[in-house]
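Shown next: upload.pdb, containing PDB, C-alpha atoms.
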ATOM      1  CA  MET A   1       3.759 -32.216 -15.275
ATOM      2  CA  SER A   2       5.702 -29.818 -13.020
ATOM      3  CA  VAL A   3       5.916 -26.152 -13.842
ATOM      4  CA  LEU A   4       8.033 -23.172 -12.869
ATOM      5  CA  ALA A   5       6.640 -19.733 -12.074
ATOM      6  CA  ARG A   6       7.225 -16.990 -14.627
ATOM      7  CA  LEU A   7       6.972 -13.646 -12.843
ATOM      8  CA  SER A   8       7.034 -10.219 -14.450
ATOM      9  CA  VAL A   9       6.615  -6.552 -13.577
ATOM     10  CA  THR A  10       6.376  -3.349 -15.583
ATOM     11  CA  VAL A  11       8.531  -0.444 -14.407
ATOM     12  CA  PRO A  12       9.945   2.833 -15.777
ATOM     13  CA  GLU A  13      13.486   2.846 -17.154
ATOM     14  CA  ARG A  14      15.021   4.409 -14.054
ATOM     15  CA  ALA A  15      13.819   1.442 -11.996
ATOM     16  CA  VAL A  16      15.111  -1.306 -14.308
ATOM     17  CA  PRO A  17      18.591  -1.822 -12.761
ATOM     18  CA  ALA A  18      17.269  -2.120  -9.197
ATOM     19  CA  THR A  19      14.332  -4.289 -10.300
ATOM     20  CA  VAL A  20      16.615  -6.633 -12.219
ATOM     21  CA  ALA A  21      18.850  -6.954  -9.147
ATOM     22  CA  ALA A  22      15.766  -7.796  -7.047
ATOM     23  CA  PHE A  23      14.730 -10.586  -9.427
ATOM     24  CA  GLU A  24      18.282 -11.932  -9.519
ATOM     25  CA  THR A  25      18.223 -12.567  -5.772
ATOM     26  CA  VAL A  26      15.754 -15.465  -6.188
ATOM     27  CA  CYS A  27      15.222 -16.293  -9.872
ATOM     28  CA  GLU A  28      16.882 -18.860 -12.112
ATOM     29  CA  SER A  29      17.035 -16.444 -15.038
ATOM     30  CA  VAL A  30      16.090 -12.810 -15.599
ATOM     31  CA  SER A  31      15.347 -10.848 -18.756
ATOM     32  CA  PHE A  32      14.141  -7.340 -19.536
ATOM     33  CA  LEU A  33      12.489  -5.736 -22.560
ATOM     34  CA  ARG A  34      11.405  -2.238 -23.536
ATOM     35  CA  LEU A  35       7.651  -2.303 -24.123
ATOM     36  CA  ASP A  36       7.194   0.955 -26.013
ATOM     37  CA  GLU A  37       9.697   2.367 -28.500
ATOM     38  CA  ARG A  38       8.723   5.935 -27.589
ATOM     39  CA  GLY A  39       7.724   5.384 -23.993
ATOM     40  CA  ASP A  40       9.377   4.666 -20.675
ATOM     41  CA  SER A  41       7.907   1.269 -19.794
ATOM     42  CA  TRP A  42      10.036  -1.848 -19.395
ATOM     43  CA  SER A  43       9.084  -5.424 -18.582
ATOM     44  CA  VAL A  44      11.361  -7.352 -16.218
ATOM     45  CA  GLU A  45      10.746 -11.107 -16.048
ATOM     46  CA  GLY A  46      12.196 -13.938 -13.991
ATOM     47  CA  ILE A  47      11.818 -17.715 -13.722
ATOM     48  CA  LEU A  48      11.275 -18.846 -10.125
ATOM     49  CA  ARG A  49      12.002 -22.458  -9.233
ATOM     50  CA  ASP A  50      11.133 -22.322  -5.516
ATOM     51  CA  PRO A  51       7.607 -20.939  -4.783
ATOM     52  CA  ALA A  52       8.555 -20.495  -1.135
ATOM     53  CA  ARG A  53      10.769 -17.582  -2.163
ATOM     54  CA  ARG A  54       7.904 -15.409  -3.445
ATOM     55  CA  GLY A  55       7.927 -13.473  -0.177
ATOM     56  CA  GLU A  56      11.654 -12.859  -0.500
ATOM     57  CA  LEU A  57      11.118 -11.527  -4.018
ATOM     58  CA  ALA A  58       8.301  -9.250  -2.846
ATOM     59  CA  ALA A  59      10.573  -7.746  -0.193
ATOM     60  CA  ALA A  60      13.394  -7.246  -2.696
ATOM     61  CA  LEU A  61      11.013  -5.581  -5.169
ATOM     62  CA  ALA A  62       9.709  -3.255  -2.461
ATOM     63  CA  LEU A  63      13.255  -2.138  -1.664
ATOM     64  CA  ALA A  64      14.031  -1.698  -5.382
ATOM     65  CA  ALA A  65      10.900   0.409  -5.825
ATOM     66  CA  ALA A  66      11.758   2.614  -2.854
ATOM     67  CA  ALA A  67      15.304   3.114  -4.134
ATOM     68  CA  SER A  68      13.936   4.058  -7.568
ATOM     69  CA  GLY A  69      11.237   6.387  -6.268
ATOM     70  CA  ILE A  70       8.255   4.379  -7.553
ATOM     71  CA  ALA A  71       5.384   2.439  -5.999
ATOM     72  CA  PRO A  72       5.956  -1.319  -5.631
ATOM     73  CA  PRO A  73       5.035  -2.858  -9.003
ATOM     74  CA  GLU A  74       2.287  -5.418  -9.407
ATOM     75  CA  VAL A  75       3.683  -8.879 -10.132
ATOM     76  CA  ALA A  76       2.060 -10.796 -12.996
ATOM     77  CA  THR A  77       2.318 -14.576 -12.736
ATOM     78  CA  GLY A  78       2.496 -17.226 -15.441
ATOM     79  CA  THR A  79       4.037 -20.673 -15.774
ATOM     80  CA  VAL A  80       6.600 -22.495 -17.877
ATOM     81  CA  GLU A  81       7.079 -26.275 -18.096
ATOM     82  CA  ALA A  82       9.897 -27.362 -15.805
ATOM     83  CA  GLU A  83      10.746 -30.463 -17.827
ATOM     84  CA  GLY A  84      13.423 -29.575 -20.337
ATOM     85  CA  TRP A  85      13.475 -25.911 -19.251
ATOM     86  CA  LEU A  86      17.265 -25.796 -18.904
ATOM     87  CA  ALA A  87      17.688 -27.596 -22.213
ATOM     88  CA  ARG A  88      15.378 -25.098 -23.896
ATOM     89  CA  THR A  89      17.264 -22.219 -22.325
ATOM     90  CA  ARG A  90      20.564 -23.578 -23.598
ATOM     91  CA  ALA A  91      19.117 -24.304 -27.034
ATOM     92  CA  ALA A  92      18.169 -20.630 -27.215
ATOM     93  CA  PHE A  93      21.838 -19.712 -26.661
ATOM     94  CA  PRO A  94      23.818 -21.375 -29.470
ATOM     95  CA  PRO A  95      27.400 -20.278 -30.273
ATOM     96  CA  GLN A  96      27.164 -16.748 -31.630
ATOM     97  CA  PRO A  97      29.638 -15.268 -34.111
ATOM     98  CA  ILE A  98      29.705 -11.510 -33.533
ATOM     99  CA  GLY A  99      31.341  -9.079 -35.902
ATOM    100  CA  ARG A 100      34.527 -10.354 -37.538
ATOM    101  CA  ARG A 101      36.530 -11.363 -34.468
ATOM    102  CA  PHE A 102      34.417 -12.930 -31.737
ATOM    103  CA  LEU A 103      32.539 -16.141 -30.982
ATOM    104  CA  ILE A 104      30.469 -16.175 -27.795
ATOM    105  CA  ARG A 105      29.533 -19.636 -26.571
ATOM    106  CA  GLY A 106      27.874 -21.139 -23.493
ATOM    107  CA  THR A 107      29.496 -23.675 -21.224
ATOM    108  CA  HIS A 108      27.307 -26.319 -22.866
ATOM    109  CA  ASP A 109      29.109 -25.558 -26.175
ATOM    110  CA  ALA A 110      32.575 -24.924 -24.726
ATOM    111  CA  ALA A 111      34.282 -26.877 -27.511
ATOM    112  CA  ALA A 112      32.740 -24.781 -30.302
ATOM    113  CA  THR A 113      35.271 -22.851 -32.383
ATOM    114  CA  MET A 114      35.374 -20.878 -35.621
ATOM    115  CA  PRO A 115      38.568 -20.151 -37.582
ATOM    116  CA  GLY A 116      39.909 -16.662 -37.042
ATOM    117  CA  ARG A 117      37.647 -15.856 -34.110
ATOM    118  CA  ILE A 118      38.340 -15.382 -30.415
ATOM    119  CA  ALA A 119      36.034 -17.754 -28.535
ATOM    120  CA  LEU A 120      34.750 -16.612 -25.130
ATOM    121  CA  THR A 121      32.829 -19.022 -22.903
ATOM    122  CA  ILE A 122      30.030 -17.389 -20.938
ATOM    123  CA  ASP A 123      27.642 -19.380 -18.779
ATOM    124  CA  ALA A 124      24.204 -18.733 -20.304
ATOM    125  CA  GLY A 125      21.618 -17.154 -18.059
ATOM    126  CA  LEU A 126      23.903 -16.348 -15.139
ATOM    127  CA  ALA A 127      24.284 -12.619 -15.727
ATOM    128  CA  PHE A 128      23.563  -9.997 -18.316
ATOM    129  CA  GLY A 129      25.754  -9.545 -21.342
ATOM    130  CA  SER A 130      26.206 -13.099 -22.591
ATOM    131  CA  GLY A 131      26.325 -11.776 -26.145
ATOM    132  CA  GLU A 132      22.766 -12.371 -27.267
ATOM    133  CA  HIS A 133      21.559  -8.813 -26.691
ATOM    134  CA  ALA A 134      21.967  -6.250 -29.459
ATOM    135  CA  THR A 135      23.728  -3.796 -27.126
ATOM    136  CA  THR A 136      26.444  -6.338 -26.309
ATOM    137  CA  ARG A 137      26.864  -7.134 -29.997
ATOM    138  CA  GLY A 138      27.106  -3.441 -30.827
ATOM    139  CA  CYS A 139      29.845  -2.941 -28.230
ATOM    140  CA  LEU A 140      31.849  -5.907 -29.541
ATOM    141  CA  ILE A 141      31.553  -4.655 -33.127
ATOM    142  CA  ALA A 142      32.753  -1.232 -31.963
ATOM    143  CA  LEU A 143      35.664  -2.830 -30.072
ATOM    144  CA  GLU A 144      37.003  -4.731 -33.058
ATOM    145  CA  GLY A 145      37.059  -1.494 -35.055
ATOM    146  CA  LEU A 146      39.574   0.145 -32.705
ATOM    147  CA  ARG A 147      43.349  -0.122 -32.547
ATOM    148  CA  ARG A 148      44.976  -1.889 -29.626
ATOM    149  CA  CYS A 149      45.030   0.218 -26.467
ATOM    150  CA  GLY A 150      44.893  -0.196 -22.723
ATOM    151  CA  PRO A 151      44.065  -0.249 -19.917
ATOM    152  CA  VAL A 152      40.322  -0.842 -20.274
ATOM    153  CA  ALA A 153      37.415  -0.130 -17.904
ATOM    154  CA  ASP A 154      33.964  -1.719 -18.028
ATOM    155  CA  ILE A 155      31.164  -0.057 -16.047
ATOM    156  CA  GLY A 156      28.301  -2.416 -15.226
ATOM    157  CA  THR A 157      30.262  -5.386 -16.480
ATOM    158  CA  GLY A 158      27.440  -7.943 -16.041
ATOM    159  CA  SER A 159      28.850 -11.278 -17.200
ATOM    160  CA  GLY A 160      32.177  -9.568 -17.908
ATOM    161  CA  VAL A 161      32.003 -10.303 -21.629
ATOM    162  CA  LEU A 162      33.128  -6.843 -22.823
ATOM    163  CA  ALA A 163      36.097  -6.616 -20.462
ATOM    164  CA  LEU A 164      37.036 -10.201 -21.318
ATOM    165  CA  ALA A 165      36.755  -9.512 -25.048
ATOM    166  CA  ALA A 166      39.120  -6.521 -24.806
ATOM    167  CA  ALA A 167      41.594  -8.453 -22.655
ATOM    168  CA  ALA A 168      41.537 -11.412 -25.062
ATOM    169  CA  LEU A 169      41.743  -9.303 -28.219
ATOM    170  CA  TRP A 170      44.525  -6.974 -27.121
ATOM    171  CA  ARG A 171      46.128  -8.806 -24.168
ATOM    172  CA  VAL A 172      45.840  -5.665 -22.021
ATOM    173  CA  PRO A 173      44.618  -5.166 -18.428
ATOM    174  CA  ALA A 174      40.868  -4.690 -18.023
ATOM    175  CA  VAL A 175      38.944  -3.701 -14.895
ATOM    176  CA  GLY A 176      35.201  -4.359 -14.748
ATOM    177  CA  VAL A 177      32.855  -3.351 -11.946
ATOM    178  CA  GLU A 178      29.320  -4.585 -11.333
ATOM    179  CA  LEU A 179      26.870  -3.164  -8.793
ATOM    180  CA  ASP A 180      25.160  -6.499  -8.190
ATOM    181  CA  PRO A 181      27.467  -8.677  -6.038
ATOM    182  CA  TRP A 182      26.083 -11.963  -7.380
ATOM    183  CA  ALA A 183      26.671 -10.914 -10.988
ATOM    184  CA  ALA A 184      30.165  -9.719 -10.038
ATOM    185  CA  ARG A 185      30.980 -13.197  -8.740
ATOM    186  CA  VAL A 186      29.710 -14.683 -12.015
ATOM    187  CA  ALA A 187      31.901 -12.274 -13.989
ATOM    188  CA  ALA A 188      34.980 -13.231 -11.965
ATOM    189  CA  GLU A 189      34.213 -16.912 -12.575
ATOM    190  CA  ASN A 190      33.883 -16.241 -16.302
ATOM    191  CA  ALA A 191      37.325 -14.629 -16.244
ATOM    192  CA  ARG A 192      38.755 -17.801 -14.699
ATOM    193  CA  LEU A 193      36.766 -19.964 -17.107
ATOM    194  CA  ASN A 194      38.421 -18.185 -20.037
ATOM    195  CA  ARG A 195      41.871 -18.127 -18.381
ATOM    196  CA  LEU A 196      41.840 -14.329 -18.454
ATOM    197  CA  HIS A 197      41.792 -13.728 -14.700
ATOM    198  CA  ARG A 198      45.368 -12.424 -14.725
ATOM    199  CA  LEU A 199      44.388  -9.678 -17.168
ATOM    200  CA  ALA A 200      40.724  -9.038 -16.343
ATOM    201  CA  HIS A 201      39.958  -7.918 -12.785
ATOM    202  CA  LEU A 202      36.143  -8.130 -12.430
ATOM    203  CA  VAL A 203      34.746  -7.047  -9.079
ATOM    204  CA  HIS A 204      31.753  -5.715  -7.178
ATOM    205  CA  GLY A 205      31.621  -1.925  -7.216
ATOM    206  CA  ASP A 206      29.546   1.192  -7.821
ATOM    207  CA  GLY A 207      30.631   2.550 -11.190
ATOM    208  CA  TRP A 208      33.458   5.045 -11.325
ATOM    209  CA  ARG A 209      33.336   5.331  -7.519
ATOM    210  CA  ALA A 210      34.759   1.826  -7.164
ATOM    211  CA  PRO A 211      38.301   1.850  -5.711
ATOM    212  CA  ALA A 212      39.390  -0.801  -8.232
ATOM    213  CA  LEU A 213      38.600   1.590 -11.083
ATOM    214  CA  ARG A 214      40.060   4.693  -9.482
ATOM    215  CA  ARG A 215      43.278   2.820  -8.766
ATOM    216  CA  HIS A 216      44.045   2.209 -12.453
ATOM    217  CA  ALA A 217      42.758   5.439 -14.019
ATOM    218  CA  PRO A 218      43.131   7.064 -16.487
ATOM    219  CA  TYR A 219      41.938   4.576 -19.106
ATOM    220  CA  ALA A 220      42.461   4.330 -22.830
ATOM    221  CA  LEU A 221      39.034   2.745 -23.325
ATOM    222  CA  ALA A 222      35.866   2.536 -21.231
ATOM    223  CA  PHE A 223      32.737   0.467 -21.855
ATOM    224  CA  ALA A 224      29.371   1.352 -20.325
ATOM    225  CA  ASN A 225      26.449  -0.747 -21.512
ATOM    226  CA  ILE A 226      23.699   0.407 -19.183
ATOM    227  CA  PHE A 227      20.869   2.941 -19.781
ATOM    228  CA  ALA A 228      20.672   6.422 -21.250
ATOM    229  CA  ARG A 229      20.019   8.402 -18.067
ATOM    230  CA  PRO A 230      22.799   6.829 -15.964
ATOM    231  CA  LEU A 231      25.190   7.319 -18.880
ATOM    232  CA  CYS A 232      24.311  11.018 -19.016
ATOM    233  CA  ALA A 233      24.645  11.374 -15.262
ATOM    234  CA  MET A 234      28.187   9.988 -15.246
ATOM    235  CA  ALA A 235      29.392  11.646 -18.474
ATOM    236  CA  THR A 236      31.731  14.073 -16.699
ATOM    237  CA  ARG A 237      33.209  11.308 -14.550
ATOM    238  CA  THR A 238      33.682   9.131 -17.626
ATOM    239  CA  ALA A 239      35.559  11.885 -19.451
ATOM    240  CA  ARG A 240      37.759  12.602 -16.426
ATOM    241  CA  SER A 241      38.643   8.927 -16.115
ATOM    242  CA  LEU A 242      39.894   8.686 -19.701
ATOM    243  CA  ARG A 243      43.284   9.591 -21.065
ATOM    244  CA  ARG A 244      43.519  12.399 -23.599
ATOM    245  CA  GLY A 245      42.385  10.782 -26.840
ATOM    246  CA  GLY A 246      40.814   7.908 -24.893
ATOM    247  CA  ARG A 247      37.546   6.433 -26.089
ATOM    248  CA  ALA A 248      34.243   5.365 -24.573
ATOM    249  CA  ILE A 249      31.958   2.716 -26.073
ATOM    250  CA  LEU A 250      28.448   3.375 -24.772
ATOM    251  CA  SER A 251      25.246   1.389 -25.275
ATOM    252  CA  GLY A 252      22.005   0.351 -23.615
ATOM    253  CA  PHE A 253      19.640   2.806 -25.302
ATOM    254  CA  HIS A 254      17.592   3.283 -28.443
ATOM    255  CA  PRO A 255      18.627   5.567 -31.344
ATOM    256  CA  ALA A 256      16.027   8.137 -30.259
ATOM    257  CA  GLN A 257      17.994   8.586 -27.021
ATOM    258  CA  ALA A 258      21.398   8.791 -28.707
ATOM    259  CA  ARG A 259      21.240  12.571 -29.104
ATOM    260  CA  MET A 260      20.709  12.999 -25.357
ATOM    261  CA  VAL A 261      23.677  10.741 -24.564
ATOM    262  CA  MET A 262      25.880  12.484 -27.123
ATOM    263  CA  ALA A 263      24.974  15.932 -25.795
ATOM    264  CA  ALA A 264      25.903  15.038 -22.219
ATOM    265  CA  HIS A 265      29.297  13.697 -23.297
ATOM    266  CA  ARG A 266      29.932  16.592 -25.670
ATOM    267  CA  ARG A 267      29.541  18.960 -22.724
ATOM    268  CA  ALA A 268      32.121  16.819 -20.902
ATOM    269  CA  GLY A 269      34.653  17.299 -23.712
ATOM    270  CA  MET A 270      34.058  14.261 -25.898
ATOM    271  CA  VAL A 271      33.304  13.966 -29.610
ATOM    272  CA  LEU A 272      31.395  11.328 -31.546
ATOM    273  CA  GLU A 273      33.446   9.048 -33.799
ATOM    274  CA  ARG A 274      30.938   6.349 -34.718
ATOM    275  CA  GLN A 275      27.364   5.253 -34.176
ATOM    276  CA  ILE A 276      26.282   1.631 -34.660
ATOM    277  CA  VAL A 277      22.665   0.437 -34.651
ATOM    278  CA  VAL A 278      21.948  -3.268 -34.112
ATOM    279  CA  ASP A 279      18.341  -4.492 -34.016
ATOM    280  CA  GLY A 280      17.031  -1.119 -32.915
ATOM    281  CA  TRP A 281      19.653  -0.466 -30.214
ATOM    282  CA  ALA A 282      22.373   2.162 -30.489
ATOM    283  CA  THR A 283      26.073   2.001 -29.650
ATOM    284  CA  LEU A 284      28.251   5.130 -29.626
ATOM    285  CA  VAL A 285      32.021   5.434 -29.881
ATOM    286  CA  LEU A 286      33.204   8.752 -28.409
ATOM    287  CA  ARG A 287      36.703  10.197 -28.063
ATOM    288  CA  LYS A 288      38.059  12.555 -25.419
ATOM    289  CA  ARG A 289      39.484  15.696 -26.988
TER     290      ARG A 289
END
How does this structure look as C-alpha cells?
Amino acid sequence: MSVLARLSVTVPERAVPATVAAFETVCESVSFLRLDERGDSWSVEGILRDPARRGELAAALALAAAASGIAPPEVATGTVEAEGWLARTRAAFPPQPIGRRFLIRGTHDAAATMPGRIALTIDAGLAFGSGEHATTRGCLIALEGLRRCGPVADIGTGSGVLALAAAALWRVPAVGVELDPWAARVAAENARLNRLHRLAHLVHGDGWRAPALRRHAPYALAFANIFARPLCAMATRTARSLRRGGRAILSGFHPAQARMVMAAHRRAGMVLERQIVVDGWATLVLRKR
C-alpha cells in the first residue's frame, strides 16, 4: 500500500505565515494549529506527495526561519495512506452553511444549494479560508450583520472567500491581496469559478502596501483574518485606509489576544462594535470614528 509523507514543524506565532508559505511550495495540502491556548507554539503540517521534493522544502523552511528570526525548525515525519486520500480530504469538507446567509461548498459539491443562502464554491485544500476554520466563519457571521457598503478590502485573502462573500452579498467591488503568489492565483481562479471576477479583484500583494489596494482606498469595509501581532502592527494603516465610519472585521486570534488587538486599533481611532467567538477564536468588528 502506497503512502504519502505527513511533515510537521513547531514554530512561534510570528513564524507561522512564512512557514505556511514554505510548505505550500511543495505540499498537496497545508494546515496549522495552535498547540497551547496560553503559549506561542503552533504546529504547521503538510502532505507531501513527491519525496524528491524534501530538499526543496528544507530550503524553503530555512528561508522562512531566517525571515522570521528563528532557527530552522526540526521536521517531524509521519505517513498517511495514499489510497483514497483525496476522497477523504473531500469528505472532510462537506457543504457548510455559515450564519444565516452563506453556504460554502467544494468543487466536488458544486451543485449543492440551500434555500435563502448564497452558495460560494471554493476548491478544498488549495488555499486557506475555505470556510471550515472558525476565524473564517466568524468573519462571515460578522459580514452578514452589517448593512450594504462598499468598496471592500481583504488583507491576506487566502482563498478569497471573504472578498467573494462581500461581493456576492452586496454586489459591490472588492479587492483582496495575498502575500503568497500561489494562493493569490487560487483566489483569482475562485473568483472566476463563482462568476465574481468582474467585482472581486484578487491579486498578489503585500497588505496595505499593495498598489491594487492603494488605488481604490478609502474603503467602507476591510477584512483582515491573519494573526494578532500583524494586525496590531498595521492598525494605523488600516484606520487610514478606511472611510470615516468605515468598519474593519478582524480575526485570526484567540479571545485572550483580543484586548491587545482592540487597544492597537483604539489608538488608531477605531472603536469596538461587536465581538464574536466561534470555537475558541475571536472576531472583532471595529468602526472608524
Discussion item. For a cutoff of 7 Å around the file-coordinate point (47.2, -5.7, -21.2), which residues qualify once you count all atoms listed in the file? I'd like the result as a VMD selection string.
Written reply: chain A and resid 150 to 151 167 170 to 173 199
Fill in: Residues matched by the PyMOL selection byres ((chain A and resi 264) around 10), written as a count of residues only
18
Discussion item. Env of Gly69 of chain A: 10 Å cut, atoms = all atoms listed in the file, seq-sep filter 6 positions within chain, self excluded. Answer as a PyMOL selection string.
Written reply: chain A and resi 14-15+63
Worksheet item: Of the candidates A:Val278, A:Ala210, A:Leu146, A:Ala256, which one gets nearest to Leu169 of chain A if we count all atoms listed in the file?
Response: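 Result for the nearest residue to Leu169 of chain A: A:Leu146.
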Fill in: Selected residue of minimal separation from Gln275 of chain A among A:Arg105, A:His254, A:Arg243, A:Arg192, counting only C-alpha atoms
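Going through A:Arg105, A:His254, A:Arg243, A:Arg192 one by one, the smallest distance to Gln275 of chain A is for A:His254.
Between Ala62 of chain A and the candidates A:Asp180, A:Ala21, A:Arg148, A:Gly156, the tightest atom-to-atom separation, counting all atoms listed in the file, involves A:Ala21.
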Discussion item. Please determine, counting only C-alpha atoms, which residue among A:Thr19, A:Thr77, A:Thr121, A:Thr136 has the shortest atom-to-atom distance to Pro94 of chain A.
Written reply: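 Answer, going by the shortest atom-to-atom distance: A:Thr121.
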